$ cat model_3.cif   # mmCIF, C-alpha atoms and all ligand atoms
data_final
loop_
_atom_site.label_atom_id
_atom_site.label_comp_id
_atom_site.auth_asym_id
_atom_site.auth_seq_id
_atom_site.Cartn_x
_atom_site.Cartn_y
_atom_site.Cartn_z
CA MET W 97 156.85 120.98 1.00
CA PHE W 98 157.75 120.39 4.61
CA ASP W 99 159.43 123.76 4.90
CA PHE W 100 156.29 125.39 3.62
CA LEU W 101 154.10 123.53 6.13
CA LYS W 102 156.53 124.28 8.89
CA SER W 103 156.32 128.01 8.34
CA LYS W 104 152.52 127.82 8.10
CA PHE W 105 152.46 125.92 11.36
CA ASN W 106 154.76 128.32 13.19
CA LYS W 107 152.54 131.21 12.21
CA ASN W 108 149.50 129.52 13.76
CA VAL W 109 151.26 128.79 16.98
CA SER W 110 152.61 132.27 17.48
CA SER W 111 149.15 133.78 16.98
CA SER W 112 147.49 131.56 19.59
CA ASN W 113 148.43 130.56 23.07
CA THR W 114 148.47 126.88 22.38
CA ILE W 115 150.08 123.75 23.78
CA LEU W 116 151.09 121.54 20.90
CA GLU W 117 153.05 118.47 20.10
CA SER W 118 156.43 118.68 18.42
CA GLU W 119 156.44 120.20 14.94
CA GLU W 120 157.26 116.86 13.34
CA LYS W 121 154.15 115.28 14.83
CA ILE W 122 151.92 118.08 13.58
CA LEU W 123 153.42 117.80 10.11
CA LYS W 124 152.66 114.11 10.15
CA GLU W 125 149.06 114.86 11.12
CA ASP W 126 148.68 117.36 8.29
CA PHE W 127 150.02 114.85 5.85
CA VAL W 128 147.65 112.07 6.96
CA ASN W 129 144.81 114.53 6.81
CA GLU W 130 145.52 115.40 3.17
CA GLN W 131 145.41 111.74 2.30
CA ASN W 132 142.02 111.09 3.85
CA GLN W 133 139.93 114.11 3.12
CA GLU W 134 137.05 112.56 1.18
CA ASN W 135 136.47 109.47 3.19
CA ILE W 136 135.28 110.43 6.63
CA ASN W 137 133.06 107.81 8.15
CA CYS W 138 133.25 105.06 10.71
CA GLU W 139 132.36 102.08 8.59
CA LYS W 140 135.60 100.46 9.61
CA ASP W 141 134.17 100.50 13.12
CA ASN W 142 133.84 96.73 13.34
CA ASN W 143 137.52 96.20 12.82
CA TYR W 144 138.56 98.20 15.83
CA ASN W 145 140.08 95.85 18.37
CA LYS W 146 138.23 93.00 16.66
CA TYR W 147 140.84 90.41 17.52
CA SER W 148 140.24 90.77 21.22
CA ILE W 149 136.85 92.38 21.43
CA PHE W 150 134.84 89.54 22.86
CA THR W 151 137.51 88.13 25.17
CA SER W 152 138.11 91.60 26.51
CA LEU W 153 134.40 92.23 27.00
CA LYS W 154 133.92 88.93 28.80
CA LYS W 155 136.89 89.50 31.06
CA SER W 156 135.81 93.03 31.87
CA LEU W 157 132.29 92.03 32.73
CA SER W 158 133.25 88.96 34.75
CA ASN W 159 132.08 90.43 38.07
CA THR W 160 128.63 91.05 36.66
CA SER W 161 128.49 87.66 34.96
CA ASN W 162 129.67 85.85 38.12
CA ASN W 163 126.79 87.43 39.96
CA LEU W 164 124.20 86.49 37.33
CA ASN W 165 125.54 83.03 36.59
CA ARG W 166 125.50 81.62 40.09
CA PHE W 167 121.89 80.69 39.43
CA PHE W 168 122.44 79.00 36.13
CA ARG W 169 124.85 76.56 37.71
CA LYS W 170 122.21 75.14 40.06
CA SER W 171 121.37 71.48 39.62
CA THR W 172 117.80 71.59 40.91
CA ILE W 173 115.22 73.72 39.20
CA ASP W 174 112.11 74.99 40.87
CA GLU W 175 110.06 78.15 41.09
CA ALA W 176 112.51 79.65 43.56
CA ILE W 177 115.04 80.05 40.76
CA PHE W 178 113.04 83.02 39.48
CA GLU W 179 113.17 84.79 42.84
CA ASP W 180 116.90 84.16 43.06
CA LEU W 181 117.40 85.40 39.54
CA GLU W 182 115.36 88.52 40.24
CA SER W 183 117.61 89.32 43.22
CA ALA W 184 120.68 88.79 41.07
CA LEU W 185 119.35 91.14 38.39
CA ILE W 186 118.62 93.80 41.00
CA MET W 187 122.09 93.38 42.51
CA SER W 188 123.57 93.88 39.04
CA ASP W 189 121.69 97.18 38.87
CA VAL W 190 119.21 96.15 36.24
CA GLY W 191 116.70 98.10 38.38
CA PHE W 192 113.51 97.03 40.15
CA GLU W 193 111.06 97.73 37.35
CA ALA W 194 113.11 96.07 34.63
CA SER W 195 113.99 93.07 36.82
CA SER W 196 110.39 92.41 37.74
CA ASP W 197 109.31 92.81 34.12
CA ILE W 198 111.95 90.34 32.92
CA ILE W 199 111.10 87.78 35.61
CA ASN W 200 107.38 88.00 34.80
CA LEU W 201 108.14 87.29 31.15
CA LEU W 202 110.26 84.27 32.11
CA LYS W 203 107.67 82.96 34.55
CA SER W 204 104.84 83.28 32.05
CA LYS W 205 106.85 81.25 29.56
CA PHE W 206 108.19 78.49 31.81
CA LEU W 207 105.88 78.03 34.78
CA LYS W 208 102.97 76.80 32.69
CA ARG W 209 105.19 73.93 31.54
CA ASN W 210 105.68 70.79 33.63
CA THR W 211 109.41 70.64 33.07
CA PHE W 212 112.03 73.00 31.79
CA GLU W 213 115.76 73.14 31.76
CA ILE W 214 117.86 75.85 33.31
CA LYS W 215 119.64 76.24 29.97
CA GLU W 216 116.34 77.23 28.37
CA VAL W 217 115.78 79.94 30.97
CA LYS W 218 119.23 81.30 30.30
CA ASN W 219 118.65 81.32 26.54
CA GLU W 220 115.34 83.09 26.95
CA LEU W 221 116.94 85.66 29.26
CA TYR W 222 119.61 86.23 26.60
CA GLU W 223 116.90 86.89 23.99
CA ILE W 224 114.94 89.26 26.24
CA LEU W 225 118.00 91.30 27.29
CA THR W 226 119.40 91.49 23.76
CA ASP W 227 116.06 92.61 22.42
CA ARG W 228 115.76 95.36 25.05
CA LEU W 229 119.37 96.54 24.77
CA LYS W 230 119.26 96.83 20.98
CA VAL W 231 117.53 100.22 21.28
CA LEU W 232 120.77 101.62 22.70
CA GLU W 233 122.93 100.54 19.75
CA SER W 234 124.01 103.24 17.34
CA LYS W 235 126.95 103.76 15.04
CA ILE W 236 128.79 107.05 15.18
CA HIS W 237 128.78 108.80 11.82
CA ILE W 238 131.33 111.45 11.10
CA ASN W 239 129.58 113.50 8.43
CA ASN W 240 130.80 117.00 9.14
CA LYS W 241 134.28 118.30 9.04
CA PRO W 242 135.12 119.02 11.75
CA SER W 243 132.83 116.71 13.69
CA ILE W 244 132.61 118.03 17.22
CA PHE W 245 132.20 116.02 20.41
CA LEU W 246 131.49 117.84 23.68
CA ILE W 247 132.19 115.54 26.62
CA VAL W 248 130.29 116.21 29.84
CA GLY W 249 129.57 114.50 33.16
CA ALA W 250 129.99 114.56 36.91
CA ASN W 251 133.39 114.76 38.65
CA GLY W 252 135.70 111.78 38.34
CA VAL W 253 133.41 109.66 36.16
CA GLY W 254 136.16 109.18 33.57
CA LYS W 255 135.63 112.04 31.07
CA THR W 256 139.27 112.83 30.33
CA THR W 257 140.34 109.19 30.21
CA SER W 258 137.43 108.39 27.89
CA ILE W 259 138.45 111.29 25.65
CA GLY W 260 141.91 109.72 25.37
CA LYS W 261 140.28 106.45 24.30
CA ILE W 262 137.82 108.08 21.87
CA ALA W 263 140.75 109.91 20.27
CA SER W 264 142.59 106.62 19.93
CA TYR W 265 139.47 105.07 18.37
CA PHE W 266 139.17 107.84 15.76
CA LYS W 267 142.88 107.73 15.06
CA SER W 268 142.55 104.02 14.33
CA LEU W 269 140.13 105.07 11.58
CA ASN W 270 142.79 107.39 10.12
CA LEU W 271 140.92 110.51 11.20
CA THR W 272 142.80 113.55 12.46
CA VAL W 273 141.84 114.59 15.96
CA LEU W 274 142.22 117.78 18.04
CA LEU W 275 141.56 117.82 21.78
CA VAL W 276 140.34 121.05 23.37
CA ALA W 277 141.10 121.58 27.07
CA ALA W 278 137.96 123.36 28.31
CA ASP W 279 138.17 122.06 31.88
CA THR W 280 139.38 125.41 33.14
CA PHE W 281 138.72 124.62 36.79
CA ARG W 282 142.01 122.93 37.55
CA ALA W 283 145.41 123.60 36.01
CA ALA W 284 146.13 119.87 36.31
CA ALA W 285 143.24 119.13 33.96
CA VAL W 286 145.16 120.61 31.02
CA ASP W 287 148.22 118.49 31.86
CA GLN W 288 146.08 115.37 32.07
CA LEU W 289 144.58 116.03 28.64
CA GLN W 290 148.00 116.85 27.24
CA LYS W 291 149.19 113.41 28.41
CA TRP W 292 146.44 111.81 26.34
CA GLY W 293 147.50 114.02 23.44
CA ASP W 294 151.05 112.67 23.84
CA ILE W 295 149.86 109.07 24.08
CA ASN W 296 147.85 109.45 20.88
CA ASN W 297 150.34 111.72 19.15
CA ILE W 298 147.70 114.38 18.47
CA MET W 299 147.26 118.12 19.04
CA VAL W 300 145.83 119.57 22.26
CA TYR W 301 144.47 123.12 22.29
CA SER W 302 144.47 125.09 25.54
CA LYS W 303 144.63 128.72 26.67
CA ILE W 304 146.74 129.43 29.69
CA GLY W 305 145.17 131.61 32.39
CA ILE W 306 141.71 131.71 30.81
CA GLN W 307 138.85 130.81 33.18
CA ASP W 308 135.95 130.93 30.76
CA PRO W 309 135.51 127.55 29.01
CA SER W 310 133.41 129.15 26.23
CA SER W 311 136.36 131.27 25.19
CA VAL W 312 138.65 128.22 25.00
CA VAL W 313 136.01 126.30 23.05
CA PHE W 314 135.45 129.11 20.52
CA ASP W 315 139.14 129.59 19.81
CA GLY W 316 139.80 125.84 19.91
CA ILE W 317 137.17 125.15 17.25
CA ASN W 318 138.53 127.93 15.05
CA PHE W 319 142.01 126.49 15.46
CA GLY W 320 140.75 123.02 14.51
CA ARG W 321 138.96 124.42 11.45
CA ALA W 322 142.09 126.23 10.37
CA LYS W 323 144.03 122.99 10.77
CA ASN W 324 141.33 121.14 8.82
CA VAL W 325 141.03 118.37 11.41
CA ASP W 326 138.31 115.73 11.08
CA VAL W 327 137.33 115.48 14.73
CA ILE W 328 137.41 117.93 17.66
CA ILE W 329 136.85 116.51 21.15
CA ILE W 330 136.16 119.02 23.92
CA ASP W 331 136.94 118.18 27.55
CA SER W 332 134.86 119.92 30.21
CA ALA W 333 134.98 120.33 33.97
CA GLY W 334 133.05 117.80 36.06
CA ARG W 335 129.78 119.09 37.47
CA LEU W 336 126.70 117.92 39.28
CA PRO W 337 123.47 118.74 37.52
CA SER W 338 122.19 120.24 40.77
CA ASN W 339 124.65 123.12 40.33
CA ILE W 340 122.61 125.52 38.22
CA ASN W 341 125.47 127.93 37.56
CA LEU W 342 127.69 125.19 36.20
CA MET W 343 124.88 123.83 34.06
CA ASN W 344 124.25 127.32 32.65
CA GLU W 345 127.93 127.45 31.81
CA LEU W 346 127.48 124.30 29.70
CA THR W 347 124.48 125.83 27.93
CA LYS W 348 126.74 128.74 27.00
CA VAL W 349 129.47 126.38 25.78
CA LYS W 350 126.93 124.64 23.55
CA LYS W 351 125.81 127.98 22.06
CA VAL W 352 129.41 128.89 21.37
CA ILE W 353 130.02 125.58 19.58
CA SER W 354 127.07 126.27 17.25
CA LYS W 355 128.35 129.78 16.62
CA ALA W 356 131.94 128.73 15.98
CA ASN W 357 130.93 125.86 13.71
CA ASN W 358 128.09 127.50 11.75
CA ALA W 359 125.37 125.65 13.66
CA ASP W 360 126.31 122.26 12.23
CA PRO W 361 125.05 119.50 14.52
CA TYR W 362 127.51 118.07 16.97
CA GLU W 363 127.48 115.38 19.63
CA THR W 364 127.12 115.96 23.35
CA ILE W 365 128.34 112.83 25.11
CA LEU W 366 127.54 112.15 28.76
CA VAL W 367 130.18 110.00 30.46
CA LEU W 368 128.88 107.77 33.24
CA ASP W 369 130.68 105.68 35.85
CA ALA W 370 129.22 102.15 35.88
CA ASN W 371 130.02 101.90 39.60
CA SER W 372 127.45 104.63 40.30
CA GLY W 373 124.63 102.20 39.51
CA GLN W 374 121.13 103.62 39.63
CA ASN W 375 122.46 107.11 40.32
CA ASN W 376 123.34 107.12 36.62
CA ILE W 377 119.66 107.17 35.73
CA ALA W 378 119.27 110.44 37.65
CA GLN W 379 122.34 111.86 35.90
CA ILE W 380 121.07 110.97 32.43
CA SER W 381 117.72 112.53 33.18
CA ALA W 382 119.16 115.75 34.64
CA PHE W 383 121.87 116.35 32.02
CA ASP W 384 119.48 115.54 29.20
CA ASN W 385 116.80 117.90 30.52
CA TYR W 386 119.30 120.68 30.95
CA ILE W 387 121.49 120.59 27.88
CA GLY W 388 120.33 117.69 25.69
CA ILE W 389 122.54 114.61 25.41
CA SER W 390 123.05 112.78 22.11
CA GLY W 391 125.09 109.79 23.28
CA LEU W 392 126.42 107.98 26.33
CA PHE W 393 129.86 106.63 27.22
CA MET W 394 129.58 104.05 30.02
CA ALA W 395 133.02 104.04 31.66
CA LYS W 396 134.50 101.66 34.24
CA LEU W 397 132.50 98.58 33.29
CA ASP W 398 135.58 96.56 34.17
CA GLY W 399 135.69 95.51 37.78
CA THR W 400 132.11 96.37 38.63
CA ALA W 401 129.31 93.91 39.32
CA LYS W 402 126.84 96.61 38.28
CA GLY W 403 126.99 96.02 34.52
CA GLY W 404 123.22 95.61 34.47
CA ILE W 405 122.87 99.39 34.57
CA LEU W 406 122.63 99.51 30.77
CA VAL W 407 119.54 97.30 30.89
CA SER W 408 118.04 99.83 33.26
CA VAL W 409 118.86 102.61 30.79
CA ALA W 410 117.31 100.62 27.95
CA TYR W 411 114.07 100.06 29.85
CA GLY W 412 113.86 103.80 30.36
CA LYS W 413 111.04 103.40 32.84
CA SER W 414 112.21 106.20 35.07
CA ASN W 415 111.25 108.63 32.30
CA ILE W 416 114.67 108.84 30.74
CA ARG W 417 115.07 109.00 26.98
CA LYS W 418 116.69 105.99 25.40
CA ILE W 419 119.93 107.71 24.49
CA PRO W 420 122.38 105.60 22.41
CA VAL W 421 125.42 104.14 24.09
CA TYR W 422 128.23 104.83 21.64
CA TRP W 423 131.02 103.25 23.65
CA ILE W 424 131.83 101.45 26.84
CA GLY W 425 135.05 101.84 28.83
CA VAL W 426 136.75 98.73 30.17
CA GLY W 427 140.05 99.92 31.63
CA GLU W 428 142.49 102.78 31.94
CA ASN W 429 144.45 102.37 28.72
CA LYS W 430 143.86 103.95 25.34
CA ASN W 431 142.53 100.77 23.74
CA ASP W 432 140.13 99.97 26.58
CA ILE W 433 137.16 101.23 24.59
CA LEU W 434 134.55 99.09 22.86
CA SER W 435 131.63 99.99 20.64
CA PHE W 436 128.40 98.94 22.27
CA VAL W 437 126.89 95.85 20.62
CA ALA W 438 123.85 94.49 22.48
CA LYS W 439 124.24 90.80 21.68
CA ASP W 440 127.94 90.75 22.62
CA PHE W 441 127.29 92.67 25.80
CA VAL W 442 124.55 90.26 26.90
CA ALA W 443 126.61 87.21 25.93
CA ALA W 444 129.38 88.60 28.14
CA ILE W 445 127.21 89.30 31.18
CA LEU W 446 125.55 85.87 30.87
CA ASP W 447 128.89 84.19 30.12
CA LYS W 448 127.49 82.51 27.02
N1 LIG W 501 139.09 100.81 35.65
C1 LIG W 501 138.76 101.88 34.94
N2 LIG W 501 139.13 103.10 35.37
C2 LIG W 501 138.78 104.17 34.61
C3 LIG W 501 138.03 104.05 33.42
N3 LIG W 501 137.82 105.31 32.92
C4 LIG W 501 138.44 106.16 33.78
N4 LIG W 501 139.02 105.50 34.80
C5 LIG W 501 139.75 106.05 35.97
O1 LIG W 501 138.88 106.91 36.69
C6 LIG W 501 139.62 107.98 37.28
C7 LIG W 501 138.99 109.32 36.91
O2 LIG W 501 139.14 109.49 35.52
P1 LIG W 501 139.18 110.93 34.82
O3 LIG W 501 139.28 110.67 33.37
O4 LIG W 501 140.21 111.79 35.43
O5 LIG W 501 137.74 111.47 35.19
P2 LIG W 501 137.10 112.94 34.94
O6 LIG W 501 137.28 113.69 36.22
O7 LIG W 501 135.65 112.67 34.66
O8 LIG W 501 137.80 113.55 33.79
C8 LIG W 501 141.05 107.82 36.79
O9 LIG W 501 141.80 107.19 37.79
C9 LIG W 501 140.91 106.93 35.56
O10 LIG W 501 142.07 106.16 35.32
C10 LIG W 501 137.61 102.72 33.00
O11 LIG W 501 136.93 102.51 31.98
N5 LIG W 501 138.01 101.69 33.79
MG MG W 502 138.78 115.41 33.63
#

$ encode --input "model_3.cif" --output "structure tokens" --more "lines below"
Ligand SMILES: Nc1nc2c(ncn2[C@@H]2O[C@H](COP(=O)(O)OP(=O)(O)O)[C@@H](O)[C@H]2O)c(=O)[nH]1
Ligand SMILES: [Mg+2]
Amino acid sequence: MFDFLKSKFNKNVSSSNTILESEEKILKEDFVNEQNQENINCEKDNNYNKYSIFTSLKKSLSNTSNNLNRFFRKSTIDEAIFEDLESALIMSDVGFEASSDIINLLKSKFLKRNTFEIKEVKNELYEILTDRLKVLESKIHINNKPSIFLIVGANGVGKTTSIGKIASYFKSLNLTVLLVAADTFRAAAVDQLQKWGDINNIMVYSKIGIQDPSSVVFDGINFGRAKNVDVIIIDSAGRLPSNINLMNELTKVKKVISKANNADPYETILVLDANSGQNNIAQISAFDNYIGISGLFMAKLDGTAKGGILVSVAYGKSNIRKIPVYWIGVGENKNDILSFVAKDFVAAILDK
């Protein structure tokens, strides 16, 4: 059986200009794939990293929670607490509109009372934030085979790293994954993706010397279909939405995906850098208007005090659509990815 697969595999490689793992690794992938063909969904989602999920989230968001929690440690309570808390929310990048809205809700509840405890304010804030952030929760469903994920975003936000983590996430669900190297701007981009392929022990499709990302995407999808993989994740070059030519290039890539995969729906994920704060709102709006975004990946939430940005996204007051946050990134390693769960996220930023 292995000899048969081996010859099939060699034929594929010689007919395409492809960087691949060792033959043994590919054979292993094919084998796993055969075992799991009928059951392609993410219901096992909750088990991913479960043992450490909350500790990891809390640790990663400690800068944001330190900022917000200074006020809940105060011994005296007076009206000024609300002003202080409003400043803290703004500093955490919750945004002006959302912060003022939240503080007005808290004031209307507590200021009419003679006495209240700081703990009650914190609990109420937890309820308000969880309620607002719930609109961003969504489970990824892998209904098509292959399910295709196009990853887009500005330069350096964490696209390629996040792809490595998403691949690791899908692999943990026993799905077979192919990465497609469609960042054709820099030769180093292919090497970087290949490293993530090595880390995850999965295939990476690239075409040497080809500048047009659409061509790589078309052939990559056909390769993935021939290999019968469950998930195809496409890397793309970083771009600012103000660059019309580069945005048109993405529109073309999207058309090519529909053509190569018989117009089945696919996901377009915008990766954002949490450190960019309110600038992320402008990016969501621009990318969504141009090419349509179906999900967000908020990278680099570790080490930033700006974790409130997701609340800003959830409020959507700057005319952005409330696009689901599928994952958050909390580090540079393959397991530093967490599904977004509103109540856990809020408990972490409020250190509850
Ligand atoms: N701390 C931290 N660093 C990250 C995270 N995601 C990406 N990075 C780092 O951000 C830098 C840019 O990442 P890269 O994936 O190359 O971004 P791209 O240009 O959008 O593909 C790299 O140094 C990554 O290690 C994250 O969640 N946390
Ligand atoms: Mg990249």

$ atom_distance --input "model_3.cif" --atom1 "CA of Gly425 (chain W)" --atom2 "CA of Leu181 (chain W)"
26.4 Å

$ residues_near_ligand --input "model_3.cif" --ligand "ligand LIG 501 (chain W)" --cutoff "7 Å" --atoms "all atoms listed in the file" --output "list of chain:residue names"
W:Gly249, W:Ala250, W:Asn251, W:Gly252, W:Val253, W:Gly254, W:Lys255, W:Thr256, W:Thr257, W:Ser258, W:Gly334, W:Ala395, W:Lys396, W:Leu397, W:Asp398, W:Gly399, W:Gly425, W:Val426, W:Gly427, W:Glu428, W:Asp432

$ residues_near_point --input "model_3.cif" --point "(124.7, 82.0, 38.7)" --cutoff "10 Å" --atoms "only C-alpha atoms" --output "number ranges by chain"
W: 161-170, 180-181, 184, 446-447

$ write_last_selection --input "model_3.cif" --atoms "C-alpha atoms" --output "PDB file, in the coordinates of the input"
ATOM      1  CA  SER W 161     128.490  87.660  34.960  1.00  0.00           C
ATOM      2  CA  ASN W 162     129.670  85.850  38.120  1.00  0.00           C
ATOM      3  CA  ASN W 163     126.790  87.430  39.960  1.00  0.00           C
ATOM      4  CA  LEU W 164     124.200  86.490  37.330  1.00  0.00           C
ATOM      5  CA  ASN W 165     125.540  83.030  36.590  1.00  0.00           C
ATOM      6  CA  ARG W 166     125.500  81.620  40.090  1.00  0.00           C
ATOM      7  CA  PHE W 167     121.890  80.690  39.430  1.00  0.00           C
ATOM      8  CA  PHE W 168     122.440  79.000  36.130  1.00  0.00           C
ATOM      9  CA  ARG W 169     124.850  76.560  37.710  1.00  0.00           C
ATOM     10  CA  LYS W 170     122.210  75.140  40.060  1.00  0.00           C
ATOM     11  CA  ASP W 180     116.900  84.160  43.060  1.00  0.00           C
ATOM     12  CA  LEU W 181     117.400  85.400  39.540  1.00  0.00           C
ATOM     13  CA  ALA W 184     120.680  88.790  41.070  1.00  0.00           C
ATOM     14  CA  LEU W 446     125.550  85.870  30.870  1.00  0.00           C
ATOM     15  CA  ASP W 447     128.890  84.190  30.120  1.00  0.00           C
TER      16      ASP W 447
END

$ closest_residue --input "model_3.cif" --among "W:Asn339, W:Ser183, W:Thr160, W:Thr280" --to "ligand MG 502 (chain W)" --atoms "only C-alpha atoms and all ligand atoms"
W:Thr280

$ closest_residue --input "model_3.cif" --among "W:Ser311, W:Asn296, W:Gln290, W:Asn376" --to "ligand MG 502 (chain W)" --atoms "only C-alpha atoms and all ligand atoms"
W:Gln290

$ closest_residue --input "model_3.cif" --among "W:Glu179, W:Gly260, W:Lys230, W:Asn371" --to "ligand MG 502 (chain W)" --atoms "only C-alpha atoms and all ligand atoms"
W:Gly260

$ atom_distance --input "model_3.cif" --atom1 "CA of Ile317 (chain W)" --atom2 "CA of Asn240 (chain W)"
13.1 Å

$ residues_around --input "model_3.cif" --residues "Thr400 (chain W)" --least-positions-apart "4" --cutoff "10 Å" --atoms "only C-alpha atoms" --output "list in words"
Ser156, Leu157, Ser158, Asn159, Thr160, Ser188, Asp369, Ala370, Asn371, Ser372, Gly373, Lys396, Gly404 and Val426 of chain W

$ decode --input "model_3.cif" --residues "region 228-251 of chain W" --atoms "N, CA and C atoms" --output "mmCIF file, in the first residue's frame"
data_model
loop_
_atom_site.group_PDB
_atom_site.id
_atom_site.type_symbol
_atom_site.label_atom_id
_atom_site.label_comp_id
_atom_site.auth_asym_id
_atom_site.auth_seq_id
_atom_site.Cartn_x
_atom_site.Cartn_y
_atom_site.Cartn_z
ATOM 1 N N ARG W 228 -21.846 42.502 25.706
ATOM 2 C CA ARG W 228 -21.475 43.168 24.455
ATOM 3 C C ARG W 228 -20.566 42.285 23.590
ATOM 4 N N LEU W 229 -19.613 41.618 24.254
ATOM 5 C CA LEU W 229 -18.617 40.852 23.478
ATOM 6 C C LEU W 229 -19.176 39.551 22.902
ATOM 7 N N LYS W 230 -20.296 39.107 23.438
ATOM 8 C CA LYS W 230 -20.879 37.846 22.968
ATOM 9 C C LYS W 230 -21.188 37.865 21.466
ATOM 10 N N VAL W 231 -21.495 39.057 20.932
ATOM 11 C CA VAL W 231 -21.827 39.137 19.496
ATOM 12 C C VAL W 231 -20.639 38.743 18.620
ATOM 13 N N LEU W 232 -19.443 38.757 19.194
ATOM 14 C CA LEU W 232 -18.261 38.420 18.380
ATOM 15 C C LEU W 232 -17.907 36.934 18.448
ATOM 16 N N GLU W 233 -18.613 36.193 19.283
ATOM 17 C CA GLU W 233 -18.311 34.755 19.418
ATOM 18 C C GLU W 233 -18.861 33.984 18.226
ATOM 19 N N SER W 234 -18.086 33.060 17.713
ATOM 20 C CA SER W 234 -18.602 32.199 16.649
ATOM 21 C C SER W 234 -17.710 30.981 16.516
ATOM 22 N N LYS W 235 -18.312 29.836 16.350
ATOM 23 C CA LYS W 235 -17.515 28.620 16.171
ATOM 24 C C LYS W 235 -17.222 28.420 14.695
ATOM 25 N N ILE W 236 -16.011 28.021 14.404
ATOM 26 C CA ILE W 236 -15.668 27.700 13.018
ATOM 27 C C ILE W 236 -16.300 26.350 12.673
ATOM 28 N N HIS W 237 -16.975 26.291 11.536
ATOM 29 C CA HIS W 237 -17.480 24.996 11.073
ATOM 30 C C HIS W 237 -16.810 24.628 9.767
ATOM 31 N N ILE W 238 -16.294 23.422 9.751
ATOM 32 C CA ILE W 238 -15.615 22.963 8.546
ATOM 33 C C ILE W 238 -16.595 22.045 7.819
ATOM 34 N N ASN W 239 -17.376 22.645 6.897
ATOM 35 C CA ASN W 239 -18.411 21.839 6.236
ATOM 36 C C ASN W 239 -18.013 21.388 4.842
ATOM 37 N N ASN W 240 -17.108 22.106 4.235
ATOM 38 C CA ASN W 240 -16.715 21.746 2.872
ATOM 39 C C ASN W 240 -15.372 21.053 2.905
ATOM 40 N N LYS W 241 -15.160 20.275 1.895
ATOM 41 C CA LYS W 241 -13.846 19.659 1.774
ATOM 42 C C LYS W 241 -13.317 19.951 0.384
ATOM 43 N N PRO W 242 -12.290 20.737 0.197
ATOM 44 C CA PRO W 242 -11.538 21.376 1.272
ATOM 45 C C PRO W 242 -12.224 22.650 1.764
ATOM 46 N N SER W 243 -12.040 22.963 3.030
ATOM 47 C CA SER W 243 -12.457 24.263 3.548
ATOM 48 C C SER W 243 -11.276 25.208 3.377
ATOM 49 N N ILE W 244 -11.575 26.368 2.794
ATOM 50 C CA ILE W 244 -10.475 27.268 2.425
ATOM 51 C C ILE W 244 -10.476 28.528 3.296
ATOM 52 N N PHE W 245 -9.290 28.883 3.768
ATOM 53 C CA PHE W 245 -9.122 30.076 4.593
ATOM 54 C C PHE W 245 -8.110 30.988 3.909
ATOM 55 N N LEU W 246 -8.567 32.166 3.483
ATOM 56 C CA LEU W 246 -7.652 33.171 2.926
ATOM 57 C C LEU W 246 -7.305 34.138 4.055
ATOM 58 N N ILE W 247 -6.008 34.292 4.303
ATOM 59 C CA ILE W 247 -5.568 35.121 5.434
ATOM 60 C C ILE W 247 -5.015 36.437 4.903
ATOM 61 N N VAL W 248 -5.598 37.544 5.356
ATOM 62 C CA VAL W 248 -5.184 38.855 4.845
ATOM 63 C C VAL W 248 -4.885 39.807 6.005
ATOM 64 N N GLY W 249 -4.252 40.930 5.660
ATOM 65 C CA GLY W 249 -3.986 41.944 6.692
ATOM 66 C C GLY W 249 -2.818 42.825 6.308
ATOM 67 N N ALA W 250 -2.559 43.819 7.131
ATOM 68 C CA ALA W 250 -1.459 44.753 6.884
ATOM 69 C C ALA W 250 -0.113 44.073 7.155
ATOM 70 N N ASN W 251 0.976 44.759 6.822
ATOM 71 C CA ASN W 251 2.322 44.185 6.992
ATOM 72 C C ASN W 251 2.656 43.965 8.456
#
